[in-house]
Each structure stands twice: as C-alpha cells, then as structure tokens.
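Peer 1: My questions all concern the structure below.
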Amino acid sequence: MRFNHDDTRASWGLRLSAGAVILFLHIPIWIIFLYAFTTEEASFRFPPPGLTKQWFGVTLQRTDFWEAFSLSLRTAAAATAIAMVIGTLASLALARTRFFGREPISLLILLPIALPGIVTGIALRSAIGLTGVDFNFWTIVVGHATFAVVTVYNNVVARLRRVSYSLTEASMDLGASPFQTFWHVVLPNIASSLLAGALLAFALSFDEVIVTTFTAGQQQTLPIWIFSQLTRPRDRPVTNVVALLVMVATFIPIILAYRLTQDTQTERN
C-alpha cells in the first residue's frame with residue numbers, strides 16, 4: 001500500500017494548526033494563572049516583577065469570598081439535584097413513548113441551552129416579577145435548573161435510545177413493579193450517563209453569570225463576586241486567585257463527565 005506524502009504533510013499541518021489555535025485560546029488562562037502569583041497589587045507589567053503565594057492566603061481569609069463560594073456551591077448542588085430528577089423523568093417519557101406534541105415538548109426542554117443567556121435571564125426575571133416573589137436563593141436555583149435540565153436530559157435520553165426496551169418488558173412480564181423495573185433494570189443502564197450529565201450541570205451552574213445576574217437580586221454568587229471585583233484594581237491578584245479556583249472547580253467535573261461518557265462508549269463498542 002502506497003502513502004501519499006502530501007496527505008502526510010497535510011495531516012501534520014492540520015495538527016500544528018489545531019495546536020496553535022488551542023494554545024491561543026488558552027493564553028488568557030495562563031495569564032490569569034501567572035498574575036495570581038504576582039507581587040504587585042494593581043500592576044499588570046510583563047513580566048511580573050516577582051512571584052508570591054501570599055494572595056492565596058489573603059483570599060482564604062476574606063469572608064465575602066467564602067459567602068459567595070458557599071452560595072454558588074449550594075445553588076449548583078440544588079440545581080443539579082432538580083435537573084437529575086426532571087431530566088431523567090423527561091428522558092424516560094420522551095425516549096420510550098410516542099404521543100401528540102412529543103417533538104414540541106422535546107424542543108421546549110432543549111430551548112434554554114440554545115437561547116442566549118440574556119434572553120433566558122430577562123424571561124425569568126419577568127416571570128418571577130409577575131409572581132411577586134422576592135429574588136432569593138430559590139430564584140437562582142430555578143434559573144440554573146432551566147439549562148441544567150438540558151445536560152442531564154441529553155445524556156440520559158441518548159443512553160436510553162441505545163438500551164433495548166426488551167429488558168424493561170422482560171422485567172414487567174416477570175412481575176416487577178414500575179419502580180422495581182426502574183431501580184433494578186433502567187437505572188443501572190443509565191447510571192453513568194446520568195452522573196455525567198449531573199457533573200456537567202454542576203459545572204455549568206457553578207460558573208454561570210448571565211442568568212444569575214437577572215435572578216439573584218442583591219445576592220452574589222462567586223462569578224458575580226468576581227465580576228464586581230474587576231472595578232477594584234487593588235484586588236486584582238485576589239480576583240485572579242478566585243478565577244483560578246473557579247476554573248479548577250469546573251474543570252474537574254467536566255473531565256470526570258468526559259471520562260464517564262468515554263467509558264460508556266467503550267463498553268458499548
């Protein structure tokens with residue numbers, strides 16, 4: 001078999017181009033990482049005049065940071081729990097049954113992740129304002145759950161379409177109740193996809209800022225806290241430290257979700 005040298009060169013050229021693009025996209029992240037260790041407060045000189053770890057200690061001593069972090073953590077956990085329940089139920093209903101209006105309902109579930117965040121935020125703020133409810137922790141959770149449901153739904157419904165329905169029918173024929181069938185047959189088959197969707201939902205909720213701006217009222221989640229710190233030049237190193245921590249906190253569940261989906265695909269092959 002003969003190989004075309006032009007194809008080989010094109011392949012290496014494509015790899016180098018892709019690597020250059022990825023490197024360019026990650027330059028801002030490395031800048032944040034670098035200036036989280038700078039010795040100066042308000043300066044962005046390059047190269048930094050010196051490096052220090054003092055800003056991590058300063059950050060961990062600030063109560064406003066911990067309050068914002070706690071709110072983001074609780075919001076992400078609550079939104080993820082809601083998304084797991086609603087996303088799983090929706091996927092079971094839409095993947096295994098056919099009824100009038102099935103496709104429009106599926107579209108409505110997917111719509112929040114497709115719309116610009118500002119549109120979703122304005123819509124939620126208007127709807128909450130009409131109900132007369134004060135903006136609080138639960139209004140943020142509801143806002144985050146609207147798009148967190150989509151990630152769980154997409155993962156679970158894709159998995160259900162690859163699982164033979166005959167397993168469910170066999171369980172029911174043997175006398176199992178619907179709950180027993182779900183718990184012992186369906187759930188083990190969708191567990192990895194459900195967990196992957198939940199991890200992605202948590203990561204999206206934890207660092208969401210646009211929808212949160214419209215549903216938080218006077219509260220500050222961690223991304224909103226970071227945004228407010230940008231107007232304080234002397235707090236730039238602290239802001240960079242927190243941004244670095246947020247990236248790590250969201251990177252871990254995304255990687256875990258990726259590994260889970262890869263493992264699922266390997267098992268299927």
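Going through the structure tokens in order, the chains are called A, B, and so on, while each chain numbers its residues from 1 and the ligands are numbered from 1 in the order shown.
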So that I can check the surroundings of range 124-129 of chain A, please list as number ranges by chain every protein, DNA and RNA residue that reaches within 7 Å of it, counting only C-alpha atoms and ignoring chain neighbours fewer than 6 positions away.
Peer 2: A: 143, 214-215
Peer 1: Which residue is closest to Ala201 in chain A? Choose from A:Thr59, A:Thr131, A:Asn154, A:Thr38 and count only C-alpha atoms.
Peer 2: A:Asn154
Peer 1: Please list as a short mmCIF file (atom, residue, chain, number, x, y, z; two decimals) with N, CA and C atoms, in the first residue's frame every residue within 9 Å of Thr250 in chain A, counting only C-alpha atoms and excluding residues in the same chain fewer than 2 positions away.
Peer 2:
data_model
loop_
_atom_site.label_atom_id
_atom_site.label_comp_id
_atom_site.auth_asym_id
_atom_site.auth_seq_id
_atom_site.Cartn_x
_atom_site.Cartn_y
_atom_site.Cartn_z
N LEU A 200 -21.81 17.77 34.47
CA LEU A 200 -21.82 18.91 33.55
C LEU A 200 -22.78 19.99 34.03
N PHE A 202 -23.61 20.60 37.12
CA PHE A 202 -22.98 21.26 38.27
C PHE A 202 -21.94 22.28 37.81
N ALA A 203 -21.12 21.89 36.84
CA ALA A 203 -20.08 22.80 36.35
C ALA A 203 -20.69 24.03 35.70
N LEU A 204 -21.73 23.85 34.90
CA LEU A 204 -22.39 24.98 34.24
C LEU A 204 -23.03 25.91 35.26
N PHE A 206 -22.23 26.25 38.49
CA PHE A 206 -21.26 26.85 39.41
C PHE A 206 -20.65 28.13 38.85
N ASP A 207 -20.39 28.17 37.53
CA ASP A 207 -19.74 29.36 36.99
C ASP A 207 -20.66 30.19 36.10
N LEU A 245 -9.33 29.35 41.01
CA LEU A 245 -10.03 28.34 41.79
C LEU A 245 -11.33 27.90 41.09
N VAL A 246 -12.04 28.87 40.49
CA VAL A 246 -13.28 28.55 39.78
C VAL A 246 -12.98 27.66 38.58
N MET A 247 -11.91 27.95 37.85
CA MET A 247 -11.54 27.13 36.70
C MET A 247 -11.23 25.71 37.12
N VAL A 248 -10.52 25.56 38.23
CA VAL A 248 -10.20 24.22 38.72
C VAL A 248 -11.48 23.50 39.15
N ILE A 252 -12.67 19.97 36.92
CA ILE A 252 -12.70 18.61 37.45
C ILE A 252 -13.99 17.87 37.06
N PRO A 253 -15.19 18.43 37.32
CA PRO A 253 -16.40 17.69 36.90
C PRO A 253 -16.52 17.52 35.40
N ILE A 254 -16.01 18.47 34.61
CA ILE A 254 -16.07 18.34 33.16
C ILE A 254 -15.21 17.16 32.70
N ILE A 255 -14.01 17.04 33.26
CA ILE A 255 -13.13 15.92 32.91
C ILE A 255 -13.74 14.60 33.34
#
Peer 1: Can you pull out the residues contacting Ser91 in chain A? Cut-off 10 Å, using only C-alpha atoms, and skip same-chain residues under 5 positions away; I want them as a PyMOL selection string.
Peer 2: chain A and resi 86+96-97+106+150+152-161
Peer 1: Produce a file of the selected residues containing C-alpha atoms, as a PDB file, in the first residue's frame.
Peer 2:
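Saved to part-v7.pdb:
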ATOM      1  CA  ILE A  86     -36.673  16.380  35.893  1.00  0.00           C
ATOM      2  CA  ARG A  96     -39.753   5.408  25.282  1.00  0.00           C
ATOM      3  CA  THR A  97     -43.232   6.701  24.356  1.00  0.00           C
ATOM      4  CA  SER A 106     -38.569  17.993  23.408  1.00  0.00           C
ATOM      5  CA  VAL A 150     -30.876  20.018  29.341  1.00  0.00           C
ATOM      6  CA  VAL A 152     -28.995  15.656  32.110  1.00  0.00           C
ATOM      7  CA  TYR A 153     -31.769  15.110  29.566  1.00  0.00           C
ATOM      8  CA  ASN A 154     -29.376  14.945  26.606  1.00  0.00           C
ATOM      9  CA  ASN A 155     -27.110  12.389  28.279  1.00  0.00           C
ATOM     10  CA  VAL A 156     -29.872  10.156  29.612  1.00  0.00           C
ATOM     11  CA  VAL A 157     -32.052  10.192  26.508  1.00  0.00           C
ATOM     12  CA  ALA A 158     -29.058   9.296  24.337  1.00  0.00           C
ATOM     13  CA  ARG A 159     -28.297   6.353  26.621  1.00  0.00           C
ATOM     14  CA  LEU A 160     -31.913   5.163  26.719  1.00  0.00           C
ATOM     15  CA  ARG A 161     -32.039   5.033  22.936  1.00  0.00           C
TER      16      ARG A 161
END
Peer 1: Set the distance at 7 Å and use only C-alpha atoms: which residues neighbour range 178-189 of chain A once local chain neighbours fewer than 6 positions away are removed? I'd like the list as a list in words.
Peer 2: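 In the requested form, the answer reads Thr168, Ser171 and Met172 of chain A.
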Peer 1: Convert the current residue selection to file output with C-alpha atoms, as a CSV table (one decimal), in the first residue's frame.
Peer 2:
chain,number,residue,atom,x,y,z
A,168,THR,CA,-37.9,-3.4,30.6
A,171,SER,CA,-38.9,-7.2,34.0
A,172,MET,CA,-42.5,-6.2,33.8
Peer 1: Range 62-74 of chain A: which residues within 6 Å, counting only C-alpha atoms, same-chain residues fewer than 6 positions away excluded, as a PyMOL selection string?
Peer 2: chain A and resi 206+220-222
Peer 1: Do a neighbour search on Ile226 in chain A at 8 Å with only C-alpha atoms, toss out local chain neighbours closer than 6 positions, and write the hits as number ranges by chain.
Peer 2: A: 239, 242-243
Peer 1: Would you compute the distance between CA of Asn240 in chain A and CA of Trp138 in chain A? Give it in Å to one decimal.
Peer 2: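 One can read the CA of Asn240 in chain A to CA of Trp138 in chain A distance as 28.6 Å.
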Peer 1: Which value, in Å to one decimal, gives the distance between CA of Ser17 in chain A and CA of Phe251 in chain A?
Peer 2: 24.2 Å
Peer 1: Using DSSP on the backbone coordinates, identify all residues within range 75-234 of chain A classified as helix (DSSP H, G or I); present the result as a VMD selection string.
Peer 2: chain A and resid 75 to 96 102 to 114 117 to 131 137 to 160 166 to 173 178 to 206 210 to 215 222 to 229 233 to 234
Peer 1: How many Å lie between CA of Ser193 in chain A and CA of Val149 in chain A, rounded to one decimal?
Peer 2: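 A separation of 13.3 Å between them.
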